[in-house]
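So the structure is just underneath, and the comments pick up after that.
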Amino acid sequence: MEERKYIPFTEEMKKDYTILVPNMLPRHFKLIMQVLKGYGYNMELLENSGPEIVENGLKYVHNDTCYPAILVIGQFLTAIKSGKYDVNKTALVLFQTGGGCRASNYIFLLRKALERAGYGFIPVISFSLTGLEKHPGFKMTVPVIHRVFYAIMYGDLLLSLVNQCKPYELISGESEKLADELTVRLVDDMRQNGVSFKRLKENSRVILSEFSKIQTARVPKVKVGVVGEIYVKYSPLGNNNLEQFLVDEGAEVVVPGLLDFFLYCLIAYLTDAKLYGKGRFYYPVIKFFYDFLVKKQQEIIDIISAESNFKPPTSITHTIELVRDYIGLGAKMGEGWLLPAEMLELNDSGVHNIVCTQPFGCLPNHIFGKGMMKPLKDKNPDMNIVAIDYDPGATKVNQENRIKLMLSNAKVNLEKNTFSYQISSDEKEKSEIKCK
């Protein structure tokens, strides 16, 4: 097979090229892009949507390719063909973890698709912490990586607070509007004051205070967790606006943060070193960085717990302990052990209803997601999990009907639990009166 050579992104290109970024987590990515803009990169987040994205993906990528690859490549090609950008001054960036499956192979599929569409001259940048490719004009230095992770923490906090307020808000749209305003303010703050953990803590307190002012009616609602392959779990384009659909159906959505996925990737390197002796030279560095991020994660958790009524995320160290009896940490293809771990994390925090997003063509996700559902349910009978497939041929109506069935069962259980709680509360009150 002929080896496909990549076109490096050069220092000269950095001066006047626009780098297009595929959309997965809009707020997270806008904050990450702001960090990178501080290092001289001109980046634009793609927010185009519509059926032509899938059409372009299927036209230039084999239809047996996994659904996220079809969407990401289709979104790039749709943007390039729109005439909005000077194709001779445009580059694309693809985020890669360096693992198996799409995490390493998307970039080759994208370059092949660009060639077929007549845009083989457009550089494709590998955004990777593992240095899969060398691009002289796009370097992931330690300071850059450091600041990117702080931007991810901001994004995770906003994601969590919006989901905790949105289903209960008295003024519709207030939570999203506030999050958009805070994102702009954070971008300005990062531009003016840089990125540091001190600023992160100060801004986190401001964010918590602002969200605490939102007027809400805390009526009982079904809580639904969303897990699965990283793209369809987060991307509205990939999951047909799953989060909004769940809110419209009267549920509170709980989505694990993006930071846990990157910590999972770091644990993969540490596990390889222990099991196979692979990368022992880098082990102390990776371990130091992992411990550093875990400590920072815990500090933010402590701030949320101490200074607000919002529910904080679960520490990755606790999540690991929850999954140890089910699967080994060496199972790390795709989302690996993290996928069942997140289901257990949700269940442990009182979120028993879970949607597992399954993209077509993602074998690891089917193994660690759908394949782990039975052992999880056997030991946790209160878990109510539904696996939803996403692919070009799956209809939105069929997906939503399956979720509605899960929600109907969840609502019945909620009503039973609420009724039982009211009875026990009344009995306790009568007992206290009698004692007096």
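Please note that chains go A, B, ... in the order of the structure tokens, that every chain numbers its residues from 1, and that ligands are numbered from 1 in the order shown.
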For A:Arg147, work out the shell of residues within 6 Å, counting only C-alpha atoms and skipping chain neighbours fewer than 3 positions away, then give it as a short mmCIF file (atom, residue, chain, number, x, y, z; two decimals) with N, CA and C atoms, in the first residue's frame.
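The resulting file, around28.cif, is reproduced below:
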```
data_model
loop_
_atom_site.label_atom_id
_atom_site.label_comp_id
_atom_site.auth_asym_id
_atom_site.auth_seq_id
_atom_site.Cartn_x
_atom_site.Cartn_y
_atom_site.Cartn_z
N VAL A 144 1.79 25.18 26.63
CA VAL A 144 0.54 25.14 25.86
C VAL A 144 -0.39 24.07 26.44
N TYR A 150 -6.38 23.69 31.69
CA TYR A 150 -7.16 24.63 32.49
C TYR A 150 -8.41 25.09 31.73
N VAL A 195 -3.52 32.38 31.53
CA VAL A 195 -4.19 31.24 32.17
C VAL A 195 -3.31 30.73 33.31
#
```
I'd like the neighbourhood of A:Glu11 as a list of chain:residue names, where a residue qualifies if any of its atoms comes within 8 Å (using only C-alpha atoms), though same-chain residues fewer than 5 positions away should be ignored. A:Pro136, A:Gly137, A:Phe138
Please produce an output containing C-alpha atoms for each residue in the selection, written as a short mmCIF file (atom, residue, chain, number, x, y, z; two decimals), in the first residue's frame.
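Once written, selection09.cif looks like this:
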```
data_model
loop_
_atom_site.label_atom_id
_atom_site.label_comp_id
_atom_site.auth_asym_id
_atom_site.auth_seq_id
_atom_site.Cartn_x
_atom_site.Cartn_y
_atom_site.Cartn_z
CA PRO A 136 7.07 23.09 12.61
CA GLY A 137 4.36 25.74 12.78
CA PHE A 138 2.19 23.96 15.36
#
```
Shortest interatomic distance to A:Asn353 - which of A:Ile152, A:Val294, A:Ile385, A:Cys265, counting only C-alpha atoms: A:Ile385
One decimal, Å: what's the distance from atom CA of A:Ile125 over to atom CA of A:Leu339, could you say? 27.8 Å
Per residue of stretch 90-187 of chain A within 10 Å of stretch 27-48 of chain A, what are the shortest atom pair and its distance in Å to one decimal, counting only C-alpha atoms, with rows by chain and residue number, as JSON lines?
```
{"residue": "A:Thr90", "atom": "CA", "partner": "A:Met43", "partner_atom": "CA", "distance": 9.9}
{"residue": "A:Ala91", "atom": "CA", "partner": "A:Met43", "partner_atom": "CA", "distance": 9.3}
{"residue": "A:Leu92", "atom": "CA", "partner": "A:Met43", "partner_atom": "CA", "distance": 9.3}
{"residue": "A:Val93", "atom": "CA", "partner": "A:Met43", "partner_atom": "CA", "distance": 9.2}
{"residue": "A:Gly137", "atom": "CA", "partner": "A:Tyr41", "partner_atom": "CA", "distance": 9.1}
{"residue": "A:Phe138", "atom": "CA", "partner": "A:Tyr41", "partner_atom": "CA", "distance": 8.3}
{"residue": "A:Lys139", "atom": "CA", "partner": "A:Tyr39", "partner_atom": "CA", "distance": 9.8}
{"residue": "A:Met140", "atom": "CA", "partner": "A:Leu36", "partner_atom": "CA", "distance": 9.6}
{"residue": "A:Val144", "atom": "CA", "partner": "A:Leu36", "partner_atom": "CA", "distance": 7.4}
{"residue": "A:Ile145", "atom": "CA", "partner": "A:Val35", "partner_atom": "CA", "distance": 9.4}
{"residue": "A:His146", "atom": "CA", "partner": "A:Val35", "partner_atom": "CA", "distance": 10.0}
{"residue": "A:Arg147", "atom": "CA", "partner": "A:Val35", "partner_atom": "CA", "distance": 6.6}
{"residue": "A:Val148", "atom": "CA", "partner": "A:Ile32", "partner_atom": "CA", "distance": 5.5}
{"residue": "A:Phe149", "atom": "CA", "partner": "A:Ile32", "partner_atom": "CA", "distance": 8.3}
{"residue": "A:Tyr150", "atom": "CA", "partner": "A:Ile32", "partner_atom": "CA", "distance": 8.7}
{"residue": "A:Ala151", "atom": "CA", "partner": "A:Leu31", "partner_atom": "CA", "distance": 5.5}
{"residue": "A:Ile152", "atom": "CA", "partner": "A:His28", "partner_atom": "CA", "distance": 5.8}
{"residue": "A:Met153", "atom": "CA", "partner": "A:His28", "partner_atom": "CA", "distance": 8.5}
{"residue": "A:Tyr154", "atom": "CA", "partner": "A:His28", "partner_atom": "CA", "distance": 7.5}
{"residue": "A:Gly155", "atom": "CA", "partner": "A:His28", "partner_atom": "CA", "distance": 4.5}
{"residue": "A:Asp156", "atom": "CA", "partner": "A:His28", "partner_atom": "CA", "distance": 7.4}
{"residue": "A:Leu157", "atom": "CA", "partner": "A:His28", "partner_atom": "CA", "distance": 9.9}
{"residue": "A:Leu158", "atom": "CA", "partner": "A:Arg27", "partner_atom": "CA", "distance": 8.1}
{"residue": "A:Leu159", "atom": "CA", "partner": "A:Arg27", "partner_atom": "CA", "distance": 8.2}
{"residue": "A:Ala179", "atom": "CA", "partner": "A:Arg27", "partner_atom": "CA", "distance": 8.6}
{"residue": "A:Asp180", "atom": "CA", "partner": "A:Arg27", "partner_atom": "CA", "distance": 8.0}
{"residue": "A:Leu182", "atom": "CA", "partner": "A:Arg27", "partner_atom": "CA", "distance": 10.0}
{"residue": "A:Thr183", "atom": "CA", "partner": "A:Arg27", "partner_atom": "CA", "distance": 6.8}
{"residue": "A:Val184", "atom": "CA", "partner": "A:Leu31", "partner_atom": "CA", "distance": 9.0}
{"residue": "A:Leu186", "atom": "CA", "partner": "A:Leu31", "partner_atom": "CA", "distance": 7.7}
{"residue": "A:Val187", "atom": "CA", "partner": "A:Gln34", "partner_atom": "CA", "distance": 6.2}
```
Keeping only C-alpha atoms, write those residues as a PDB file, in the first residue's frame.
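Here's the written file part37.pdb:
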```pdb
ATOM      1  CA  THR A  90      -6.660  27.176   5.110  1.00  0.00           C
ATOM      2  CA  ALA A  91      -5.519  24.304   7.327  1.00  0.00           C
ATOM      3  CA  LEU A  92      -7.465  21.695   9.286  1.00  0.00           C
ATOM      4  CA  VAL A  93      -6.731  20.403  12.771  1.00  0.00           C
ATOM      5  CA  GLY A 137       4.358  25.742  12.783  1.00  0.00           C
ATOM      6  CA  PHE A 138       2.194  23.962  15.363  1.00  0.00           C
ATOM      7  CA  LYS A 139       4.039  22.833  18.463  1.00  0.00           C
ATOM      8  CA  MET A 140       2.418  21.404  21.586  1.00  0.00           C
ATOM      9  CA  VAL A 144       0.538  25.144  25.864  1.00  0.00           C
ATOM     10  CA  ILE A 145      -0.652  21.772  27.166  1.00  0.00           C
ATOM     11  CA  HIS A 146      -0.763  23.152  30.713  1.00  0.00           C
ATOM     12  CA  ARG A 147      -3.084  25.991  29.694  1.00  0.00           C
ATOM     13  CA  VAL A 148      -5.233  23.773  27.490  1.00  0.00           C
ATOM     14  CA  PHE A 149      -6.086  21.589  30.479  1.00  0.00           C
ATOM     15  CA  TYR A 150      -7.160  24.627  32.487  1.00  0.00           C
ATOM     16  CA  ALA A 151      -9.441  25.628  29.593  1.00  0.00           C
ATOM     17  CA  ILE A 152     -10.928  22.111  29.738  1.00  0.00           C
ATOM     18  CA  MET A 153     -11.644  22.586  33.454  1.00  0.00           C
ATOM     19  CA  TYR A 154     -13.520  25.806  32.694  1.00  0.00           C
ATOM     20  CA  GLY A 155     -15.534  23.985  30.041  1.00  0.00           C
ATOM     21  CA  ASP A 156     -16.376  21.084  32.353  1.00  0.00           C
ATOM     22  CA  LEU A 157     -17.605  23.474  35.056  1.00  0.00           C
ATOM     23  CA  LEU A 158     -19.872  25.365  32.647  1.00  0.00           C
ATOM     24  CA  LEU A 159     -21.199  22.093  31.183  1.00  0.00           C
ATOM     25  CA  ALA A 179     -22.943  30.257  30.055  1.00  0.00           C
ATOM     26  CA  ASP A 180     -22.480  32.035  26.711  1.00  0.00           C
ATOM     27  CA  LEU A 182     -19.355  33.709  30.898  1.00  0.00           C
ATOM     28  CA  THR A 183     -17.561  32.017  28.000  1.00  0.00           C
ATOM     29  CA  VAL A 184     -17.012  35.429  26.387  1.00  0.00           C
ATOM     30  CA  LEU A 186     -13.447  33.934  30.242  1.00  0.00           C
ATOM     31  CA  VAL A 187     -12.069  34.340  26.734  1.00  0.00           C
TER      32      VAL A 187
END
```
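Rounded to one decimal, atom CA of A:Glu181 and atom CA of A:Ser209 lie 14.0 Å from each other.
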Kindly indicate which residue among A:Val323, A:Leu338, A:Leu20, A:Val351 lies nearest to A:Lys84, using only C-alpha atoms for the distances. A:Leu20
Residues near A:Met343, anyone? I mean within 8 Å using only C-alpha atoms, not counting same-chain ones fewer than 4 positions away, as number ranges by chain. A: 225, 227, 339, 347, 354
N, CA and C atoms of the current selection, written as a compact mmCIF listing (two decimals), in the first residue's frame:
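Result saved to part-v4.txt:
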```txt
# COMPACT_ATOMS: atom_id res chain seq x y z
N GLY A 225 -28.03 10.08 32.79
CA GLY A 225 -26.62 10.23 32.45
C GLY A 225 -26.39 9.88 30.99
N VAL A 227 -23.33 8.65 28.41
CA VAL A 227 -21.97 8.13 28.25
C VAL A 227 -21.82 7.62 26.82
N LEU A 339 -15.57 3.80 30.01
CA LEU A 339 -16.99 3.80 29.68
C LEU A 339 -17.83 3.11 30.77
N ASN A 347 -24.24 5.94 38.53
CA ASN A 347 -25.10 5.16 39.43
C ASN A 347 -24.75 5.44 40.89
N ILE A 354 -29.36 5.74 32.30
CA ILE A 354 -28.18 6.06 31.49
C ILE A 354 -28.44 5.77 30.02
```
Non-local contacts of A:Ser175 (10 Å; only C-alpha atoms; under 3 positions in same chain excluded) as an MDAnalysis selection string: chainID A and resid 158 161:169 171:172 178:181 210:211 214:215
Exercise: stretch 324-332 of chain A partners within 10 Å, only C-alpha atoms, chain neighbours under 6 positions left out, as a PyMOL selection string: chain A and resi 99-100+264-265+267-272+274-275+338-341+364+368+372+375-376+379
Just-selected residues, N, CA and C atoms written as a short mmCIF file (atom, residue, chain, number, x, y, z; two decimals), in the first residue's frame:
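Dumped to again_24.cif:
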```cif
data_model
loop_
_atom_site.label_atom_id
_atom_site.label_comp_id
_atom_site.auth_asym_id
_atom_site.auth_seq_id
_atom_site.Cartn_x
_atom_site.Cartn_y
_atom_site.Cartn_z
N GLY A 99 -4.19 6.49 20.39
CA GLY A 99 -4.60 5.12 20.64
C GLY A 99 -4.99 4.42 19.35
N GLY A 100 -5.63 3.26 19.48
CA GLY A 100 -6.06 2.53 18.30
C GLY A 100 -7.29 3.16 17.69
N TYR A 264 -7.84 9.54 31.79
CA TYR A 264 -7.88 8.14 31.37
C TYR A 264 -6.75 7.83 30.39
N CYS A 265 -6.49 8.76 29.47
CA CYS A 265 -5.40 8.57 28.50
C CYS A 265 -4.04 8.54 29.20
N ILE A 267 -3.55 7.60 32.29
CA ILE A 267 -3.51 6.32 33.02
C ILE A 267 -3.13 5.19 32.07
N ALA A 268 -3.55 5.29 30.82
CA ALA A 268 -3.20 4.27 29.82
C ALA A 268 -1.69 4.18 29.65
N TYR A 269 -1.02 5.33 29.59
CA TYR A 269 0.44 5.33 29.46
C TYR A 269 1.09 4.72 30.70
N LEU A 270 0.58 5.08 31.86
CA LEU A 270 1.14 4.55 33.10
C LEU A 270 0.92 3.04 33.21
N THR A 271 -0.24 2.59 32.77
CA THR A 271 -0.56 1.16 32.81
C THR A 271 0.33 0.37 31.85
N ASP A 272 0.57 0.92 30.66
CA ASP A 272 1.47 0.26 29.70
C ASP A 272 2.87 0.09 30.27
N LYS A 274 3.66 -0.22 33.40
CA LYS A 274 3.64 -1.23 34.45
C LYS A 274 3.48 -2.64 33.88
N LEU A 275 2.60 -2.79 32.90
CA LEU A 275 2.30 -4.13 32.38
C LEU A 275 3.33 -4.62 31.37
N LEU A 338 -13.01 3.24 30.90
CA LEU A 338 -13.65 4.49 31.35
C LEU A 338 -15.15 4.47 31.09
N LEU A 339 -15.57 3.80 30.01
CA LEU A 339 -16.99 3.80 29.68
C LEU A 339 -17.83 3.11 30.77
N PRO A 340 -17.54 1.85 31.15
CA PRO A 340 -18.30 1.27 32.26
C PRO A 340 -18.05 1.99 33.57
N ALA A 341 -16.85 2.57 33.73
CA ALA A 341 -16.56 3.32 34.96
C ALA A 341 -17.47 4.52 35.10
N PRO A 364 -14.80 -1.08 19.72
CA PRO A 364 -14.46 -0.95 21.15
C PRO A 364 -15.62 -0.42 21.98
N PHE A 368 -17.10 -2.31 25.28
CA PHE A 368 -17.02 -1.71 26.61
C PHE A 368 -18.32 -1.04 27.04
N MET A 372 -20.68 -4.50 28.37
CA MET A 372 -20.54 -4.44 29.83
C MET A 372 -21.85 -4.19 30.55
N PRO A 375 -23.04 -7.37 33.04
CA PRO A 375 -22.35 -7.49 34.33
C PRO A 375 -22.60 -6.29 35.25
N LEU A 376 -22.77 -5.11 34.68
CA LEU A 376 -23.06 -3.94 35.51
C LEU A 376 -24.44 -4.06 36.15
N LYS A 379 -24.87 -6.70 39.11
CA LYS A 379 -24.44 -6.25 40.44
C LYS A 379 -25.14 -4.97 40.89
#
```
All alpha helix (DSSP H) positions in stretch 258-333 of chain A, as a count of residues only: 52
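Restricting the calculation to only C-alpha atoms, the smallest distance between A:Ile70 and any of A:Glu335, A:Glu55, A:Glu115, A:Glu345 is found for A:Glu55.
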Residue neighbourhood A:Gly50, 12 Å, only C-alpha atoms, exclusion window fewer than 4 positions, as a VMD selection string: chain A and resid 54 to 57 71 74 to 75 78 to 79 236 to 238 240
With N, CA and C atoms kept, could you save the residues just selected as an mmCIF file, in the first residue's frame?
```
data_model
loop_
_atom_site.group_PDB
_atom_site.id
_atom_site.type_symbol
_atom_site.label_atom_id
_atom_site.label_comp_id
_atom_site.auth_asym_id
_atom_site.auth_seq_id
_atom_site.Cartn_x
_atom_site.Cartn_y
_atom_site.Cartn_z
ATOM 1 N N VAL A 54 -23.423 14.853 6.358
ATOM 2 C CA VAL A 54 -23.426 13.394 6.216
ATOM 3 C C VAL A 54 -23.233 13.012 4.748
ATOM 4 N N GLU A 55 -23.883 13.756 3.837
ATOM 5 C CA GLU A 55 -23.762 13.464 2.405
ATOM 6 C C GLU A 55 -22.321 13.581 1.920
ATOM 7 N N ASN A 56 -21.635 14.662 2.337
ATOM 8 C CA ASN A 56 -20.240 14.837 1.945
ATOM 9 C C ASN A 56 -19.338 13.793 2.592
ATOM 10 N N GLY A 57 -19.663 13.435 3.844
ATOM 11 C CA GLY A 57 -18.875 12.400 4.510
ATOM 12 C C GLY A 57 -18.991 11.072 3.788
ATOM 13 N N LEU A 71 -18.869 12.139 10.055
ATOM 14 C CA LEU A 71 -19.355 13.475 10.412
ATOM 15 C C LEU A 71 -18.235 14.513 10.426
ATOM 16 N N GLY A 74 -17.007 15.024 6.910
ATOM 17 C CA GLY A 74 -18.081 15.694 6.181
ATOM 18 C C GLY A 74 -18.206 17.156 6.561
ATOM 19 N N GLN A 75 -18.025 17.479 7.843
ATOM 20 C CA GLN A 75 -18.107 18.873 8.290
ATOM 21 C C GLN A 75 -16.964 19.701 7.706
ATOM 22 N N THR A 78 -17.652 20.148 3.867
ATOM 23 C CA THR A 78 -18.763 21.075 3.653
ATOM 24 C C THR A 78 -18.304 22.513 3.840
ATOM 25 N N ALA A 79 -17.479 22.747 4.869
ATOM 26 C CA ALA A 79 -16.958 24.091 5.121
ATOM 27 C C ALA A 79 -16.037 24.549 3.994
ATOM 28 N N PRO A 236 -23.629 17.665 19.630
ATOM 29 C CA PRO A 236 -25.034 17.724 19.208
ATOM 30 C C PRO A 236 -25.219 17.238 17.774
ATOM 31 N N LEU A 237 -24.215 17.473 16.935
ATOM 32 C CA LEU A 237 -24.268 16.993 15.560
ATOM 33 C C LEU A 237 -24.251 15.473 15.516
ATOM 34 N N GLY A 238 -23.467 14.864 16.415
ATOM 35 C CA GLY A 238 -23.317 13.416 16.427
ATOM 36 C C GLY A 238 -24.461 12.672 17.084
ATOM 37 N N ASN A 240 -27.734 13.948 17.536
ATOM 38 C CA ASN A 240 -29.050 14.531 17.218
ATOM 39 C C ASN A 240 -29.609 15.360 18.369
#
```
Mind checking which residues fall within 12 Å of A:Thr357, counting only C-alpha atoms, ignoring those fewer than 3 positions away in the same chain, and posting them as a ChimeraX atom specification? /A:67-68,225-236,238-240,242-243,255,335,339,343,354,360,362,365-366,368-370,385-391,399,403
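You will find atom CA of A:Ala117 at 7.2 Å from atom CA of A:Tyr60.
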